[in-house]
file entry-v4.txt (compact mmCIF, C-alpha atoms and all ligand atoms)
# COMPACT_ATOMS: atom_id res chain seq x y z
CA MET A 1 -80.18 41.35 91.64
CA ASN A 2 -76.87 41.05 89.82
CA PHE A 3 -77.18 37.26 90.09
CA ILE A 4 -80.69 37.22 88.56
CA ILE A 5 -79.51 39.33 85.63
CA LYS A 6 -76.61 36.93 85.05
CA VAL A 7 -78.94 33.90 85.11
CA LEU A 8 -81.36 35.60 82.70
CA TYR A 9 -78.48 36.52 80.39
CA PHE A 10 -77.26 32.91 80.46
CA PHE A 11 -80.66 31.57 79.39
CA MET A 12 -81.03 34.26 76.70
CA CYS A 13 -77.65 33.17 75.30
CA LEU A 14 -78.77 29.55 75.30
CA CYS A 15 -81.94 30.43 73.40
CA TYR A 16 -80.07 32.65 70.94
CA HIS A 17 -77.39 30.08 70.13
CA GLY A 18 -79.81 27.13 70.23
CA LEU A 19 -77.44 25.25 72.53
CA MET A 20 -78.90 22.02 73.79
CA ILE A 21 -78.29 20.56 77.22
CA VAL A 22 -78.78 16.84 77.77
CA LYS A 23 -80.61 16.71 81.10
CA ASN A 24 -81.54 13.06 81.10
CA SER A 25 -81.09 9.98 78.99
CA LYS A 26 -82.28 6.40 79.29
CA PHE A 27 -82.15 3.18 77.31
CA VAL A 28 -85.59 2.32 75.94
CA LYS A 29 -85.46 -0.67 73.61
CA SER A 30 -83.36 -2.88 71.32
CA VAL A 31 -85.11 -3.90 68.13
CA VAL A 32 -84.29 -6.69 65.66
CA LYS A 33 -87.36 -6.56 63.38
CA GLU A 34 -88.67 -3.78 61.18
CA ASN A 35 -92.19 -4.14 62.61
CA ASP A 36 -90.88 -3.21 66.05
CA PHE A 37 -89.27 0.12 65.09
CA LEU A 38 -90.49 2.91 67.38
CA CYS A 39 -92.14 6.04 66.03
CA THR A 40 -93.00 8.01 69.14
CA TYR A 41 -90.38 10.79 69.13
CA PRO A 42 -88.05 12.48 66.60
CA GLU A 43 -84.95 10.38 65.95
CA ILE A 44 -81.26 11.15 65.50
CA CYS A 45 -79.23 8.14 64.41
CA PHE A 46 -75.57 7.20 64.08
CA VAL A 47 -74.20 5.12 61.18
CA GLY A 48 -70.70 4.11 60.15
CA ARG A 49 -68.40 1.15 59.86
CA SER A 50 -67.99 -1.16 62.84
CA ASN A 51 -65.64 0.23 65.48
CA VAL A 52 -65.71 3.81 64.17
CA GLY A 53 -67.08 5.07 67.50
CA LYS A 54 -70.89 5.34 67.20
CA SER A 55 -71.76 3.99 70.65
CA SER A 56 -68.90 5.94 72.27
CA LEU A 57 -70.15 9.15 70.66
CA ILE A 58 -73.64 8.64 72.10
CA ASN A 59 -72.10 8.16 75.55
CA MET A 60 -70.02 11.30 75.15
CA LEU A 61 -73.04 13.39 74.07
CA VAL A 62 -75.16 12.26 77.03
CA GLY A 63 -72.23 12.39 79.48
CA GLN A 64 -72.87 8.82 80.61
CA ASN A 65 -70.24 6.16 80.01
CA GLY A 66 -71.81 2.79 79.37
CA LEU A 67 -75.29 3.95 78.31
CA ALA A 68 -74.59 2.59 74.80
CA ARG A 69 -72.30 -0.44 74.92
CA SER A 70 -68.95 0.17 73.23
CA SER A 71 -66.06 -2.23 72.69
CA SER A 72 -62.78 -2.57 70.87
CA THR A 73 -64.21 -5.73 69.26
CA PRO A 74 -65.91 -4.64 66.03
CA GLY A 75 -69.50 -5.66 65.36
CA LEU A 76 -70.74 -5.23 68.94
CA THR A 77 -73.93 -3.32 68.11
CA LYS A 78 -76.16 -5.70 66.17
CA MET A 79 -79.58 -4.30 66.98
CA VAL A 80 -81.31 -0.96 66.60
CA ASN A 81 -81.00 0.59 70.06
CA TYR A 82 -83.18 3.50 71.16
CA PHE A 83 -82.18 5.95 73.90
CA LEU A 84 -84.66 8.60 75.02
CA ILE A 85 -83.06 12.02 75.54
CA ASN A 86 -84.69 14.76 77.64
CA ASN A 87 -88.05 12.95 77.16
CA GLN A 88 -87.97 14.70 73.81
CA PHE A 89 -86.15 12.68 71.13
CA TYR A 90 -84.32 9.40 70.53
CA PHE A 91 -80.67 8.73 69.86
CA VAL A 92 -80.60 5.56 67.77
CA ASP A 93 -77.45 3.43 67.84
CA LEU A 94 -77.21 1.28 64.71
CA PRO A 95 -75.25 -1.81 63.70
CA GLY A 96 -71.96 -0.98 61.98
CA TYR A 97 -71.05 -2.10 58.49
CA GLY A 98 -67.93 -3.55 56.86
CA PHE A 99 -67.18 -6.23 59.38
CA SER A 100 -67.51 -9.97 59.05
CA LYS A 101 -66.73 -12.20 62.04
CA THR A 102 -65.79 -15.08 59.76
CA GLY A 103 -63.47 -12.92 57.70
CA LYS A 104 -65.55 -13.78 54.63
CA LYS A 105 -66.92 -11.16 52.29
CA HIS A 106 -70.38 -9.90 53.26
CA SER A 107 -73.17 -11.05 50.99
CA THR A 108 -74.77 -7.63 51.45
CA LEU A 109 -73.20 -4.21 51.83
CA TRP A 110 -74.71 -3.64 55.24
CA SER A 111 -77.39 -5.35 57.31
CA THR A 112 -80.96 -5.39 56.06
CA LEU A 113 -81.99 -4.16 59.51
CA LEU A 114 -79.83 -1.04 59.09
CA GLU A 115 -81.15 -0.36 55.57
CA ASN A 116 -84.77 -0.92 56.62
CA TYR A 117 -84.33 1.43 59.55
CA LEU A 118 -82.93 4.21 57.34
CA LEU A 119 -85.64 3.81 54.71
CA SER A 120 -88.67 3.32 56.90
CA SER A 121 -88.25 5.55 59.96
CA GLN A 122 -90.87 8.25 59.68
CA ASN A 123 -89.43 10.38 62.49
CA LEU A 124 -85.82 10.37 61.37
CA LYS A 125 -84.55 13.97 61.59
CA MET A 126 -80.80 13.51 61.15
CA VAL A 127 -78.31 10.79 60.31
CA PHE A 128 -74.81 11.35 61.66
CA MET A 129 -72.49 9.40 59.39
CA LEU A 130 -69.23 8.64 61.17
CA VAL A 131 -65.83 8.16 59.56
CA ASP A 132 -62.43 7.80 61.24
CA ILE A 133 -60.56 11.11 61.08
CA ARG A 134 -57.26 9.30 60.43
CA HIS A 135 -58.34 7.52 57.24
CA GLU A 136 -59.83 8.17 53.86
CA PRO A 137 -63.51 7.15 53.86
CA SER A 138 -63.82 3.54 52.63
CA GLU A 139 -65.73 2.35 49.55
CA LEU A 140 -68.60 1.43 51.85
CA ASP A 141 -68.56 4.88 53.44
CA LEU A 142 -68.82 6.38 49.95
CA LEU A 143 -71.72 4.08 49.12
CA MET A 144 -73.51 4.92 52.37
CA HIS A 145 -73.03 8.62 51.67
CA LYS A 146 -74.50 8.21 48.18
CA PHE A 147 -77.33 6.12 49.60
CA LEU A 148 -78.26 8.92 52.04
CA PHE A 149 -78.14 11.51 49.24
CA TYR A 150 -80.10 9.32 46.84
CA HIS A 151 -82.89 8.73 49.36
CA ASN A 152 -82.91 12.35 50.45
CA ILE A 153 -82.17 11.49 54.08
CA PRO A 154 -80.85 14.49 56.06
CA HIS A 155 -77.29 13.77 57.17
CA LYS A 156 -74.02 15.23 58.46
CA VAL A 157 -70.55 13.72 58.46
CA ILE A 158 -68.64 13.30 61.71
CA ALA A 159 -64.92 12.55 61.85
CA THR A 160 -64.24 10.49 64.99
CA LYS A 161 -61.20 9.87 67.23
CA ALA A 162 -59.80 13.39 66.79
CA ASP A 163 -57.72 12.88 69.95
CA LYS A 164 -55.56 10.49 67.93
CA LEU A 165 -54.33 13.40 65.78
CA ALA A 166 -52.30 16.45 66.77
CA LYS A 167 -54.62 19.48 67.08
CA SER A 168 -52.74 21.17 64.23
CA LYS A 169 -53.65 18.31 61.87
CA ILE A 170 -57.40 18.20 62.52
CA PHE A 171 -58.43 20.90 60.04
CA ASN A 172 -56.39 19.30 57.27
CA ALA A 173 -57.88 15.87 57.99
CA ARG A 174 -61.43 17.31 57.88
CA THR A 175 -60.58 18.99 54.58
CA GLN A 176 -59.37 15.69 53.08
CA ILE A 177 -62.51 13.82 54.16
CA ALA A 178 -64.73 16.63 52.87
CA LYS A 179 -62.94 16.59 49.50
CA TYR A 180 -63.34 12.84 49.23
CA LEU A 181 -67.08 13.08 49.86
CA SER A 182 -67.48 16.23 47.68
CA LEU A 183 -68.45 18.35 50.69
CA GLY A 184 -67.25 21.62 52.20
CA VAL A 185 -64.99 21.41 55.24
CA ALA A 186 -67.75 22.98 57.39
CA ASP A 187 -69.85 19.88 56.67
CA VAL A 188 -67.41 17.61 58.52
CA ILE A 189 -67.46 17.89 62.31
CA ALA A 190 -64.46 16.51 64.23
CA VAL A 191 -65.13 14.77 67.55
CA SER A 192 -63.41 12.78 70.25
CA TYR A 193 -64.93 10.76 73.09
CA PHE A 194 -63.08 13.11 75.44
CA GLY A 195 -65.64 15.80 74.56
CA PHE A 196 -64.11 17.59 71.60
CA GLY A 197 -66.85 18.64 69.14
CA LYS A 198 -69.73 18.05 71.57
CA GLU A 199 -71.13 21.57 71.29
CA ASP A 200 -71.12 21.49 67.46
CA ILE A 201 -73.14 18.29 67.42
CA LEU A 202 -75.62 19.39 70.08
CA ASN A 203 -76.14 22.64 68.14
CA THR A 204 -76.81 20.67 64.98
CA ILE A 205 -79.34 18.53 66.85
CA ALA A 206 -81.05 21.56 68.40
CA ASN A 207 -81.50 23.00 64.91
CA CYS A 208 -83.12 19.89 63.44
CA ILE A 209 -85.40 18.70 66.25
N1 LIG B 1 -59.09 7.29 71.10
C1 LIG B 1 -60.40 7.18 70.87
N2 LIG B 1 -60.97 5.97 70.82
C2 LIG B 1 -62.30 5.90 70.57
C3 LIG B 1 -63.09 7.06 70.35
N3 LIG B 1 -64.36 6.67 70.12
C4 LIG B 1 -64.37 5.32 70.21
N4 LIG B 1 -63.15 4.84 70.49
C5 LIG B 1 -62.77 3.42 70.67
O1 LIG B 1 -63.07 2.72 69.47
C6 LIG B 1 -63.57 1.43 69.77
C7 LIG B 1 -64.95 1.24 69.13
O2 LIG B 1 -65.86 2.12 69.72
P1 LIG B 1 -67.46 1.87 69.65
O3 LIG B 1 -68.10 3.10 70.18
O4 LIG B 1 -67.82 0.58 70.27
O5 LIG B 1 -67.65 1.75 68.07
P2 LIG B 1 -69.01 1.41 67.26
O6 LIG B 1 -68.96 2.23 66.02
O7 LIG B 1 -70.19 1.58 68.15
O8 LIG B 1 -68.76 -0.12 66.89
P3 LIG B 1 -69.87 -1.27 66.51
O9 LIG B 1 -70.91 -1.29 67.60
O10 LIG B 1 -69.04 -2.50 66.43
O11 LIG B 1 -70.44 -0.92 65.17
C8 LIG B 1 -63.60 1.30 71.31
O12 LIG B 1 -62.41 0.66 71.72
C9 LIG B 1 -63.59 2.75 71.76
O13 LIG B 1 -63.00 2.92 73.04
C10 LIG B 1 -62.44 8.35 70.42
O14 LIG B 1 -63.03 9.43 70.23
N5 LIG B 1 -61.11 8.34 70.67
MG MG B 2 -71.66 0.21 68.72
call {"tool": "encode", "arguments": {"input": "entry-v4.txt", "output": "structure tokens"}}
result
Amino acid sequence: MNFIIKVLYFFMCLCYHGLMIVKNSKFVKSVVKENDFLCTYPEICFVGRSNVGKSSLINMLVGQNGLARSSSTPGLTKMVNYFLINNQFYFVDLPGYGFSKTGKKHSTLWSTLLENYLLSSQNLKMVFMLVDIRHEPSELDLLMHKFLFYHNIPHKVIATKADKLAKSKIFNARTQIAKYLSLGVADVIAVSYFGFGKEDILNTIANCI
């Protein structure tokens, strides 16, 4: 009897706090053309400069290393990659910006595929915009942030690689990034691929799906 009460209490807490549990996740499709974008489930996507940690964050959230391919070589993700979570919504891994293999200046700010995805996805519920917790957001990060505001696309800022800073410095780093982007510190979530920040992000997702 005691056990049943505990289980019931656990589920009541989950409902009350809106905590999400990722029960299953699978790769669905990589897309290179606008006409092939999916529109079957709500979508949560991840944008940011190349190498900031988008694919690694998806793997951390689903608890499955290697679901989204990550690499120390920037520019790995070149397509729009859909992962179905809990048969309920998609995580969408996007190409990064700010990297040119040839070392030449990009002719565009970011790929047309990325821009088309952000502007045309009907089921897009949240854009997580990732910046490195150790650095000031770049010019391109500022432009992307303005772009999301201008087009009224719901978004939240995530500061990645928090494990690279001492715990005592994380709040200050979030504050600096928030100031730079004219946000409040509560609008910047710190994460690490070791799991730090996972609950905050899953709560945010639960609230917008
Ligand atoms: N220490 C640390 N390293 C991380 C973290 N997240 C990602 N990395 C490393 O950063 C590098 C880039 O990670 P990715 O997840 O591939 O980055 P991405 O943003 O998907 O990069 P592109 O696909 O090129 O746009 C890899 O070497 C990761 O191991 C983190 O939280 N902590
Ligand atoms: Mg990637």
call {"tool": "closest_atom_pairs", "arguments": {"input": "entry-v4.txt", "of": "chain A", "to": "ligand LIG 1 (chain B)", "cutoff": "9 Å", "atoms": "only C-alpha atoms and all ligand atoms", "output": "JSON lines"}}
result
{"residue": "A:Phe46", "atom": "CA", "partner": "B:LIG1", "partner_atom": "O6", "distance": 8.5}
{"residue": "A:Val47", "atom": "CA", "partner": "B:LIG1", "partner_atom": "O6", "distance": 7.7}
{"residue": "A:Gly48", "atom": "CA", "partner": "B:LIG1", "partner_atom": "O6", "distance": 6.4}
{"residue": "A:Arg49", "atom": "CA", "partner": "B:LIG1", "partner_atom": "O11", "distance": 6.1}
{"residue": "A:Ser50", "atom": "CA", "partner": "B:LIG1", "partner_atom": "O11", "distance": 3.4}
{"residue": "A:Asn51", "atom": "CA", "partner": "B:LIG1", "partner_atom": "O8", "distance": 3.4}
{"residue": "A:Val52", "atom": "CA", "partner": "B:LIG1", "partner_atom": "O6", "distance": 4.1}
{"residue": "A:Gly53", "atom": "CA", "partner": "B:LIG1", "partner_atom": "O5", "distance": 3.4}
{"residue": "A:Lys54", "atom": "CA", "partner": "B:LIG1", "partner_atom": "O6", "distance": 3.8}
{"residue": "A:Ser55", "atom": "CA", "partner": "B:LIG1", "partner_atom": "O3", "distance": 3.8}
{"residue": "A:Ser56", "atom": "CA", "partner": "B:LIG1", "partner_atom": "O3", "distance": 3.6}
{"residue": "A:Leu57", "atom": "CA", "partner": "B:LIG1", "partner_atom": "N3", "distance": 6.3}
{"residue": "A:Ile58", "atom": "CA", "partner": "B:LIG1", "partner_atom": "O3", "distance": 8.1}
{"residue": "A:Asn59", "atom": "CA", "partner": "B:LIG1", "partner_atom": "O3", "distance": 8.4}
{"residue": "A:Met60", "atom": "CA", "partner": "B:LIG1", "partner_atom": "O14", "distance": 8.8}
{"residue": "A:Ala68", "atom": "CA", "partner": "B:LIG1", "partner_atom": "O3", "distance": 8.0}
{"residue": "A:Arg69", "atom": "CA", "partner": "B:LIG1", "partner_atom": "O4", "distance": 6.5}
{"residue": "A:Ser70", "atom": "CA", "partner": "B:LIG1", "partner_atom": "O4", "distance": 3.2}
{"residue": "A:Ser71", "atom": "CA", "partner": "B:LIG1", "partner_atom": "O4", "distance": 4.1}
{"residue": "A:Ser72", "atom": "CA", "partner": "B:LIG1", "partner_atom": "O12", "distance": 3.4}
{"residue": "A:Thr73", "atom": "CA", "partner": "B:LIG1", "partner_atom": "O10", "distance": 6.5}
{"residue": "A:Pro74", "atom": "CA", "partner": "B:LIG1", "partner_atom": "O10", "distance": 3.8}
{"residue": "A:Gly75", "atom": "CA", "partner": "B:LIG1", "partner_atom": "O10", "distance": 3.4}
{"residue": "A:Leu76", "atom": "CA", "partner": "B:LIG1", "partner_atom": "O10", "distance": 4.1}
{"residue": "A:Thr77", "atom": "CA", "partner": "B:LIG1", "partner_atom": "O9", "distance": 3.7}
{"residue": "A:Lys78", "atom": "CA", "partner": "B:LIG1", "partner_atom": "O9", "distance": 7.0}
{"residue": "A:Asp93", "atom": "CA", "partner": "B:LIG1", "partner_atom": "O7", "distance": 7.5}
{"residue": "A:Leu94", "atom": "CA", "partner": "B:LIG1", "partner_atom": "O11", "distance": 7.1}
{"residue": "A:Pro95", "atom": "CA", "partner": "B:LIG1", "partner_atom": "O11", "distance": 5.1}
{"residue": "A:Gly96", "atom": "CA", "partner": "B:LIG1", "partner_atom": "O11", "distance": 3.5}
{"residue": "A:Tyr97", "atom": "CA", "partner": "B:LIG1", "partner_atom": "O11", "distance": 6.8}
{"residue": "A:Phe99", "atom": "CA", "partner": "B:LIG1", "partner_atom": "O10", "distance": 8.2}
{"residue": "A:Leu130", "atom": "CA", "partner": "B:LIG1", "partner_atom": "O6", "distance": 8.0}
{"residue": "A:Thr160", "atom": "CA", "partner": "B:LIG1", "partner_atom": "O14", "distance": 5.5}
{"residue": "A:Lys161", "atom": "CA", "partner": "B:LIG1", "partner_atom": "O14", "distance": 3.5}
{"residue": "A:Ala162", "atom": "CA", "partner": "B:LIG1", "partner_atom": "O14", "distance": 6.2}
{"residue": "A:Asp163", "atom": "CA", "partner": "B:LIG1", "partner_atom": "N5", "distance": 5.7}
{"residue": "A:Lys164", "atom": "CA", "partner": "B:LIG1", "partner_atom": "N1", "distance": 5.7}
{"residue": "A:Val191", "atom": "CA", "partner": "B:LIG1", "partner_atom": "O14", "distance": 6.3}
{"residue": "A:Ser192", "atom": "CA", "partner": "B:LIG1", "partner_atom": "O14", "distance": 3.4}
{"residue": "A:Tyr193", "atom": "CA", "partner": "B:LIG1", "partner_atom": "O14", "distance": 3.7}
{"residue": "A:Phe194", "atom": "CA", "partner": "B:LIG1", "partner_atom": "O14", "distance": 6.4}
{"residue": "A:Gly195", "atom": "CA", "partner": "B:LIG1", "partner_atom": "O14", "distance": 8.1}
{"residue": "A:Phe196", "atom": "CA", "partner": "B:LIG1", "partner_atom": "O14", "distance": 8.3}
call {"tool": "closest_residue", "arguments": {"input": "entry-v4.txt", "among": "A:Phe147, A:Phe128, A:Ile44, A:Ile133", "to": "Lys167 (chain A)", "atoms": "all atoms listed in the file"}}
result
A:Ile133
call {"tool": "closest_residue", "arguments": {"input": "entry-v4.txt", "among": "A:Ile201, A:Ser120, A:Arg134, A:Lys23", "to": "Ala166 (chain A)", "atoms": "all atoms listed in the file"}}
result
A:Arg134
call {"tool": "residues_around", "arguments": {"input": "entry-v4.txt", "residues": "Asp141 (chain A)", "least_positions_apart": "2", "cutoff": "8 Å", "atoms": "all atoms listed in the file", "output": "PyMOL selection string"}}
result
chain A and resi 48-49+131+137-139+143-145
call {"tool": "write_last_selection", "arguments": {"input": "entry-v4.txt", "atoms": "C-alpha atoms", "output": "mmCIF file, in the frame of the given file"}}
result
data_model
loop_
_atom_site.group_PDB
_atom_site.id
_atom_site.type_symbol
_atom_site.label_atom_id
_atom_site.label_comp_id
_atom_site.auth_asym_id
_atom_site.auth_seq_id
_atom_site.Cartn_x
_atom_site.Cartn_y
_atom_site.Cartn_z
ATOM 1 C CA GLY A 48 -70.700 4.110 60.150
ATOM 2 C CA ARG A 49 -68.400 1.150 59.860
ATOM 3 C CA VAL A 131 -65.830 8.160 59.560
ATOM 4 C CA PRO A 137 -63.510 7.150 53.860
ATOM 5 C CA SER A 138 -63.820 3.540 52.630
ATOM 6 C CA GLU A 139 -65.730 2.350 49.550
ATOM 7 C CA LEU A 143 -71.720 4.080 49.120
ATOM 8 C CA MET A 144 -73.510 4.920 52.370
ATOM 9 C CA HIS A 145 -73.030 8.620 51.670
#
call {"tool": "atom_distance", "arguments": {"input": "entry-v4.txt", "atom1": "CA of Leu38 (chain A)", "atom2": "CA of Ile85 (chain A)"}}
result
14.3 Å
call {"tool": "closest_residue", "arguments": {"input": "entry-v4.txt", "among": "A:Leu84, A:Cys45, A:Leu142, A:Ile21", "to": "Leu114 (chain A)", "atoms": "all atoms listed in the file"}}
result
A:Cys45
